[in-house]
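As provided, upload30.cif (mmCIF, C-alpha atoms) reads as follows.
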data_my_file
loop_
_atom_site.label_atom_id
_atom_site.label_comp_id
_atom_site.auth_asym_id
_atom_site.auth_seq_id
_atom_site.Cartn_x
_atom_site.Cartn_y
_atom_site.Cartn_z
CA ALA A 272 -1.00 -35.83 -8.11
CA CYS A 273 0.00 -32.72 -6.17
CA PHE A 274 3.62 -33.19 -7.23
CA ARG A 275 2.64 -33.56 -10.91
CA LEU A 276 0.44 -30.47 -10.70
CA ARG A 277 3.27 -28.47 -9.16
CA ALA A 278 5.70 -29.69 -11.82
CA ALA A 279 3.26 -28.76 -14.59
CA ALA A 280 2.74 -25.31 -13.10
CA GLY A 281 6.51 -24.81 -12.84
CA ALA A 282 7.03 -25.87 -16.44
CA ALA A 283 4.26 -23.55 -17.64
CA TRP A 284 5.76 -20.64 -15.70
CA SER A 285 9.20 -21.38 -17.16
CA ARG A 286 7.77 -21.27 -20.69
CA VAL A 287 6.02 -17.97 -19.97
CA ALA A 288 9.20 -16.47 -18.47
CA ALA A 289 11.27 -17.66 -21.43
CA PHE A 290 8.72 -16.16 -23.81
CA PHE A 291 8.98 -12.74 -22.19
CA ASN A 292 12.74 -12.80 -21.55
CA ARG A 293 14.05 -13.84 -24.96
CA GLU A 294 15.63 -11.19 -27.10
CA ARG A 295 13.17 -9.26 -29.23
CA GLU A 296 13.37 -6.32 -31.56
CA PRO A 297 10.96 -3.39 -31.20
CA PRO A 298 8.40 -2.86 -33.97
CA GLN A 299 9.84 -1.46 -37.17
CA GLY A 300 8.46 1.26 -39.43
CA CYS A 301 8.58 5.02 -39.73
CA CYS A 302 5.63 5.55 -37.37
CA CYS A 303 7.02 3.16 -34.74
CA GLY A 304 10.45 4.76 -34.97
CA ALA A 305 9.05 8.26 -34.58
CA THR A 306 6.90 7.15 -31.65
CA ARG A 307 9.92 5.48 -30.04
CA ARG A 308 11.97 8.66 -30.36
CA LEU A 309 9.10 10.61 -28.84
CA VAL A 310 8.61 8.42 -25.74
CA THR A 311 12.36 8.16 -25.10
CA HIS A 312 12.94 11.90 -25.38
CA ALA A 313 13.78 13.75 -22.16
CA ALA A 314 11.04 16.33 -22.78
CA PHE A 315 8.44 13.54 -22.81
CA ASP A 316 9.64 12.31 -19.41
CA TYR A 317 9.57 15.84 -17.98
CA ALA A 318 6.03 16.34 -19.29
CA ILE A 319 4.84 13.13 -17.60
CA ILE A 320 6.56 14.15 -14.35
CA GLY A 321 4.81 17.53 -14.52
CA LEU A 322 1.42 15.85 -15.00
CA ILE A 323 2.08 13.55 -12.04
CA VAL A 324 3.01 16.49 -9.80
CA ILE A 325 -0.04 18.52 -10.85
CA ASN A 326 -2.28 15.49 -10.31
CA THR A 327 -0.83 15.06 -6.81
CA VAL A 328 -1.47 18.71 -5.96
CA LEU A 329 -5.08 18.48 -7.15
CA LEU A 330 -5.60 15.39 -4.99
CA CYS A 331 -4.69 17.54 -1.99
CA VAL A 332 -7.19 20.25 -2.99
CA ASP A 333 -10.26 18.00 -2.89
CA SER A 334 -12.31 18.07 0.33
CA PRO A 335 -15.91 17.40 1.46
CA GLN A 336 -16.42 21.16 1.90
CA ALA A 337 -15.41 21.95 -1.69
CA SER A 338 -17.89 23.93 -3.78
CA PRO A 339 -19.78 22.20 -6.62
CA GLU A 340 -17.79 24.23 -9.14
CA LEU A 341 -14.50 23.02 -7.65
CA LYS A 342 -15.67 19.42 -7.58
CA LEU A 343 -16.70 19.68 -11.23
CA ALA A 344 -13.30 21.13 -12.13
CA LEU A 345 -11.50 18.34 -10.24
CA GLU A 346 -13.56 15.70 -12.02
CA ALA A 347 -12.68 17.29 -15.38
CA ALA A 348 -9.01 17.33 -14.37
CA ASN A 349 -9.22 13.65 -13.41
CA LEU A 350 -10.62 12.84 -16.87
CA PHE A 351 -7.79 14.80 -18.45
CA PHE A 352 -5.09 12.99 -16.43
CA THR A 353 -6.70 9.63 -17.13
CA LEU A 354 -6.67 10.40 -20.85
CA ALA A 355 -3.07 11.67 -20.71
CA PHE A 356 -1.74 8.57 -18.93
CA THR A 357 -3.73 6.34 -21.28
CA VAL A 358 -2.15 8.09 -24.27
CA GLU A 359 1.28 7.57 -22.67
CA MET A 360 0.62 3.83 -22.34
CA VAL A 361 -0.68 3.55 -25.92
CA LEU A 362 2.33 5.40 -27.31
CA LYS A 363 4.75 3.13 -25.47
CA LEU A 364 2.88 0.05 -26.64
CA ALA A 365 3.14 1.33 -30.21
CA ALA A 366 6.83 2.16 -29.77
CA PHE A 367 8.06 -1.04 -28.10
CA GLY A 368 5.37 -3.63 -28.69
CA VAL A 369 3.42 -5.55 -26.09
CA ILE A 370 6.19 -8.00 -25.14
CA LEU A 371 8.96 -5.42 -24.67
CA TYR A 372 6.51 -3.12 -22.87
CA LEU A 373 5.43 -5.79 -20.37
CA ARG A 374 9.02 -6.91 -19.77
CA GLU A 375 9.64 -3.76 -17.75
CA PRO A 376 8.00 -4.04 -14.29
CA MET A 377 7.36 -0.29 -14.05
CA ASN A 378 5.47 -0.44 -17.35
CA VAL A 379 3.25 -3.15 -15.89
CA PHE A 380 2.68 -0.95 -12.85
CA ASP A 381 1.77 2.00 -15.08
CA ALA A 382 -0.63 -0.19 -17.08
CA VAL A 383 -2.37 -1.35 -13.88
CA ILE A 384 -2.82 2.28 -12.81
CA VAL A 385 -4.24 3.23 -16.21
CA VAL A 386 -6.68 0.30 -16.25
CA ALA A 387 -7.80 1.12 -12.69
CA SER A 388 -8.31 4.77 -13.67
CA LEU A 389 -10.39 3.79 -16.70
CA LEU A 390 -12.49 1.45 -14.54
CA GLU A 391 -12.98 4.28 -12.07
CA VAL A 392 -14.27 6.57 -14.82
CA VAL A 393 -16.67 3.90 -16.10
CA VAL A 394 -17.97 3.02 -12.63
CA THR A 395 -18.29 6.67 -11.59
CA TYR A 396 -20.35 7.66 -14.61
CA SER A 397 -22.47 4.50 -14.48
CA ALA A 398 -23.13 5.24 -10.80
CA GLY A 399 -24.19 8.76 -11.74
CA ALA A 400 -26.52 7.41 -14.41
CA ASN A 401 -28.04 4.94 -11.95
CA ALA A 402 -28.56 7.73 -9.43
CA ASP A 403 -30.32 9.88 -12.01
CA SER A 404 -32.58 7.01 -13.07
CA ALA A 405 -33.36 6.28 -9.42
CA VAL A 406 -34.46 9.86 -8.93
CA VAL A 407 -36.76 9.59 -11.96
CA ARG A 408 -38.28 6.34 -10.71
CA ALA A 409 -38.83 7.86 -7.28
CA ALA A 410 -40.55 10.85 -8.87
CA ILE A 411 -43.04 8.64 -10.71
CA GLY A 412 -43.54 6.38 -7.70
CA THR A 413 -41.78 3.21 -8.90
CA SER A 414 -38.84 3.49 -6.51
CA ALA A 415 -39.15 4.06 -2.78
CA SER A 416 -35.58 5.13 -2.09
CA ALA A 417 -33.45 6.93 -4.66
CA ASP A 418 -30.76 7.67 -2.10
CA GLN A 419 -30.34 3.97 -1.35
CA ALA A 420 -29.89 3.12 -5.03
CA ALA A 421 -27.45 5.96 -5.55
CA SER A 422 -25.40 5.07 -2.48
CA SER A 423 -25.22 1.37 -3.37
CA SER A 424 -23.89 2.14 -6.86
CA GLY A 425 -21.70 4.99 -5.71
CA GLY A 426 -19.92 2.90 -3.08
CA VAL A 427 -17.98 1.03 -5.74
CA ALA A 428 -17.07 4.32 -7.39
CA ILE A 429 -15.59 5.56 -4.12
CA VAL A 430 -13.36 2.48 -3.93
CA PHE A 431 -12.03 3.15 -7.42
CA ARG A 432 -11.64 6.85 -6.63
CA VAL A 433 -9.21 5.95 -3.87
CA LEU A 434 -6.99 4.39 -6.55
CA ARG A 435 -6.24 7.88 -7.86
CA THR A 436 -3.71 8.25 -5.07
CA VAL A 437 -1.69 5.36 -6.52
CA ARG A 438 -0.71 7.62 -9.42
CA VAL A 439 1.76 9.28 -7.07
CA PHE A 440 3.91 6.14 -7.28
CA LYS A 441 4.43 6.81 -10.98
CA LEU A 442 7.11 9.21 -9.76
CA ALA A 443 9.16 6.16 -8.82
CA ARG A 444 9.61 5.48 -12.53
CA LYS A 445 11.30 8.83 -13.04
CA TRP A 446 12.99 9.01 -9.63
CA LYS A 447 15.84 6.49 -9.78
CA ALA A 448 16.70 6.67 -6.08
CA MET A 449 13.11 5.94 -5.05
CA GLN A 450 12.94 3.15 -7.61
CA ARG A 451 16.02 1.55 -6.09
CA VAL A 452 14.59 1.75 -2.56
CA ILE A 453 11.28 0.23 -3.69
CA ARG A 454 13.16 -2.62 -5.37
CA GLN A 455 15.09 -3.31 -2.18
CA VAL A 456 11.93 -3.26 -0.06
CA VAL A 457 10.17 -5.67 -2.44
CA GLY A 458 13.28 -7.86 -2.51
CA ASN A 459 13.24 -8.18 1.27
CA ILE A 460 9.52 -9.00 1.53
CA GLU A 461 10.28 -12.59 2.53
CA SER A 462 12.53 -11.57 5.42
CA ILE A 463 10.05 -8.91 6.52
CA PHE A 464 7.23 -11.49 6.42
CA TYR A 465 9.11 -13.82 8.78
CA LEU A 466 9.83 -10.90 11.11
CA VAL A 467 6.14 -9.94 11.12
CA CYS A 468 5.30 -13.51 12.13
CA ILE A 469 7.78 -13.28 15.00
CA VAL A 470 6.29 -9.96 16.14
CA LEU A 471 2.77 -11.42 16.05
CA LEU A 472 3.95 -14.48 17.98
CA PHE A 473 5.48 -12.39 20.76
CA ASN A 474 2.42 -10.12 20.71
CA PHE A 475 0.25 -13.18 21.30
CA ILE A 476 2.50 -14.48 24.10
CA TYR A 477 2.51 -11.15 25.94
CA ALA A 478 -1.25 -10.80 25.45
CA ILE A 479 -1.76 -14.17 27.18
CA VAL A 480 0.56 -13.14 30.02
CA GLY A 481 -1.26 -9.81 30.26
CA ARG A 482 -4.61 -11.60 30.57
CA THR A 483 -3.15 -13.71 33.39
CA LEU A 484 -2.07 -10.58 35.26
CA PHE A 485 -4.77 -7.99 34.50
CA GLU A 486 -7.93 -9.77 33.30
CA GLY A 487 -11.02 -8.07 34.75
CA LEU A 488 -8.98 -5.69 36.92
CA PHE A 489 -9.08 -2.48 34.87
CA GLU A 490 -12.42 -1.43 36.33
CA GLY A 491 -13.50 1.21 38.80
CA PRO A 492 -13.51 5.01 39.14
CA GLU A 493 -9.80 5.16 39.98
CA PHE A 494 -8.81 4.01 36.48
CA VAL A 495 -8.48 6.22 33.41
CA SER A 496 -12.10 6.25 32.24
CA ASN A 497 -11.52 6.94 28.55
CA GLN A 498 -9.11 4.01 28.24
CA VAL A 499 -11.04 1.26 30.04
CA ASP A 500 -13.29 0.35 27.09
CA ARG A 501 -10.52 -0.44 24.62
CA SER A 502 -7.28 -0.80 26.63
CA ASN A 503 -7.86 -3.84 28.81
CA PHE A 504 -7.10 -7.54 29.02
CA ASP A 505 -10.63 -8.85 29.58
CA ASN A 506 -10.56 -11.01 26.42
CA LEU A 507 -7.99 -12.19 23.90
CA VAL A 508 -8.91 -9.65 21.22
CA ASN A 509 -8.64 -6.66 23.56
CA ALA A 510 -5.45 -8.09 25.04
CA MET A 511 -3.86 -8.43 21.57
CA ILE A 512 -4.90 -4.89 20.61
CA THR A 513 -3.68 -3.43 23.92
CA THR A 514 -0.35 -5.24 23.62
CA PHE A 515 0.10 -3.94 20.07
CA GLN A 516 -0.91 -0.45 21.25
CA ILE A 517 1.92 -0.52 23.76
CA LEU A 518 4.29 -1.70 21.04
CA THR A 519 3.40 1.34 18.92
CA GLY A 520 3.74 3.72 21.88
CA ASP A 521 0.17 5.01 21.67
CA ALA A 522 -0.84 6.15 25.21
CA TRP A 523 1.06 3.21 26.67
CA SER A 524 1.76 5.13 29.89
CA LEU A 525 -1.97 5.17 30.70
CA VAL A 526 -2.11 1.39 30.43
CA LEU A 527 1.02 1.20 32.59
CA TRP A 528 -0.64 3.45 35.17
CA ASN A 529 -3.67 1.17 35.33
CA GLY A 530 -1.48 -1.92 35.58
CA MET A 531 0.63 -0.48 38.40
CA ARG A 532 -2.55 0.14 40.41
CA VAL A 533 -3.63 -3.50 40.44
CA GLU A 534 -0.41 -5.53 40.04
CA PRO A 535 2.72 -3.42 40.61
CA ILE A 536 5.37 -6.15 40.43
CA GLY A 537 3.81 -8.01 37.53
CA ALA A 538 3.12 -4.80 35.61
CA LEU A 539 6.70 -3.64 36.14
CA PHE A 540 8.15 -6.85 34.71
CA TRP A 541 5.56 -7.12 31.90
CA PHE A 542 5.87 -3.55 30.62
CA ILE A 543 9.66 -3.25 30.88
CA SER A 544 10.29 -6.59 29.14
CA TRP A 545 7.74 -5.90 26.38
CA LEU A 546 9.03 -2.40 25.72
CA LEU A 547 12.63 -3.60 25.57
CA LEU A 548 11.85 -6.59 23.38
CA GLY A 549 9.25 -4.95 21.16
CA ASN A 550 10.44 -1.37 20.70
CA PHE A 551 14.19 -1.74 20.94
CA ILE A 552 14.73 -5.16 19.35
CA LEU A 553 11.89 -6.34 17.11
CA LEU A 554 10.98 -3.00 15.54
CA ASN A 555 14.62 -2.10 14.97
CA LEU A 556 15.04 -5.37 13.09
CA PHE A 557 12.78 -3.94 10.38
CA VAL A 558 15.19 -1.07 9.89
CA ALA A 559 18.17 -3.44 9.99
CA ILE A 560 16.67 -5.69 7.30
CA LEU A 561 15.90 -2.75 5.02
CA LEU A 562 19.33 -1.18 5.52
CA GLU A 563 21.03 -4.49 4.80
CA GLY A 564 18.99 -4.88 1.62
CA ILE A 565 19.77 -1.34 0.46
CA GLU A 566 23.46 -1.80 1.22
CA GLN A 567 23.53 -5.09 -0.69
CA GLY A 568 21.74 -3.42 -3.59
CA ASP A 569 24.28 -0.59 -3.66
CA GLU A 570 27.12 -3.14 -3.73
CA ASP A 571 25.48 -4.96 -6.64
CA ASP A 572 25.08 -1.66 -8.50
CA ASP A 573 28.75 -0.87 -7.94
CA ASP A 574 29.74 -4.32 -9.26
CA ASP A 575 27.62 -3.76 -12.36
CA ASP A 576 29.28 -0.39 -12.93
CA ASP A 577 32.72 -1.99 -12.66
#

As structure tokens, please, write out the structure in this file.
Amino acid sequence: ACFRLRAAAGAAWSRVAAFFNREREPPQGCCCGATRRLVTHAAFDYAIIGLIVINTVLLCVDSPQASPELKLALEAANLFFTLAFTVEMVLKLAAFGVILYLREPMNVFDAVIVVASLLEVVVTYSAGANADSAVVRAAIGTSASADQAASSSGGVAIVFRVLRTVRVFKLARKWKAMQRVIRQVVGNIESIFYLVCIVLLFNFIYAIVGRTLFEGLFEGPEFVSNQVDRSNFDNLVNAMITTFQILTGDAWSLVLWNGMRVEPIGALFWFISWLLLGNFILLNLFVAILLEGIEQGDEDDDDDDD
């Protein structure tokens, strides 16, 4: 049954892929042709790039200490950018049609960003309406906590507001070099996943060895007081976090200092071997995999040019 289900899913996916990949002509007509000339014009691309850059700058301006007037202006700017990117998507849909539009992966990415932005606008304004109604109910005595109602509805709006930062990646559509690097990174996801599993495996092994050497020993006034609570090997979770902390190089010398106090020989072997294996071998493999993918991608581009 599992085999038949897998075969049916594979056949369905093949039909969907064939549907999207077969040759198609863009919509015909004077309006579609004019729209197609508009969205393929260089000035249109430069205008979209300018909007993306301005949107990125405004994201950097926002802060919790901003005045109400500035926050209102930023919200108005967000509505404007949402409308502008929505118009861009609608124009491209009208110019190329749904099938040709969705065939390009960057168009799908742009559509996801637009849909997320529209959802953010809807959720934000519905949260504001709920907050206002909660205040009214509290004023007439039918609601005990307006702040609780406003915060519960506004929490979802905050999650969608974070998605504004994803608009920065729209630059990858216009920046060919960045687009190529992103393609190579995505193409090497499988290799990176296996390497992550290897790193986690060695992290687990060294955490167990660290517990054997240092469990319950990082205590006392002679140890670094601000590191004892989180950088120890008293349980598996803390041991895994401490081992990963050393891998990243975050205050690893303080953990080494504590280890040398209680188990000098064991700490010497444990820290040197983990630093050599983790920092100089495993982490550098990430760079090697990405560089190999980029180099292979450049060779494929050169073959296509030839």

Task: Selection under test: the PyMOL selection byres ((chain A and resi 320-327) around 8); residues as a ChimeraX atom specification - done: /A:316-319,328-331,349,352,436,438-439,441-442,445

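Of the residues under consideration (A:Leu525, A:Leu466, A:Ile543, A:Ile512), A:Leu466 shows the shortest atom-to-atom contact distance to Val558 in chain A when counting all atoms listed in the file.
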
Task: Selected residue, from A:Leu484, A:Thr395, A:Ala478, A:Leu472, that lies nearest to Val533 in chain A when counting all atoms listed in the file - done: A:Leu484

Open item on the list: Selection in question (the file shown): the PyMOL selection byres ((chain A and resi 378) around 12). Which residues does it include, as a VMD selection string?
Closed with: chain A and resid 356 359 to 364 367 to 377 379 to 385 441 443 to 445

Task: Minimum-distance residue to Ser462 in chain A, chosen among A:Leu434, A:Ile517, A:Leu390, A:Leu561 (using all atoms listed in the file) - done: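 Checking each candidate against Ser462 in chain A, we get A:Leu561 as the closest.
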
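Across the model, the gap from CA of Val392 in chain A to CA of Leu354 in chain A is 10.4 Å.
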
Open item on the list: I need the residue nearest Glu391 in chain A from this list: A:Ser338, A:Thr306, A:Thr353, A:Asn506. Use all atoms listed in the file for the distance.
Closed with: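 Closest to Glu391 in chain A, using all atoms listed in the file: A:Thr353.
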
- [ ] Name the residues that the PyMOL selection byres ((chain A and resi 481) around 12) picks from the file above, as number ranges by chain, using the file's chain letters and numbers.
- [x] A: 473-480, 482-489, 502-515, 517, 526-527, 530, 534, 537-542, 545

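Taking all atoms listed in the file into account, Val457 in chain A lies nearest to A:Ile560 out of the set A:Ala279, A:Val433, A:Ile560, A:Ala387.
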
Task: Proximity to Cys303 in chain A - best of A:Ala365, A:Ile463, A:Val452, A:Leu554, all atoms listed in the file - done: A:Ala365
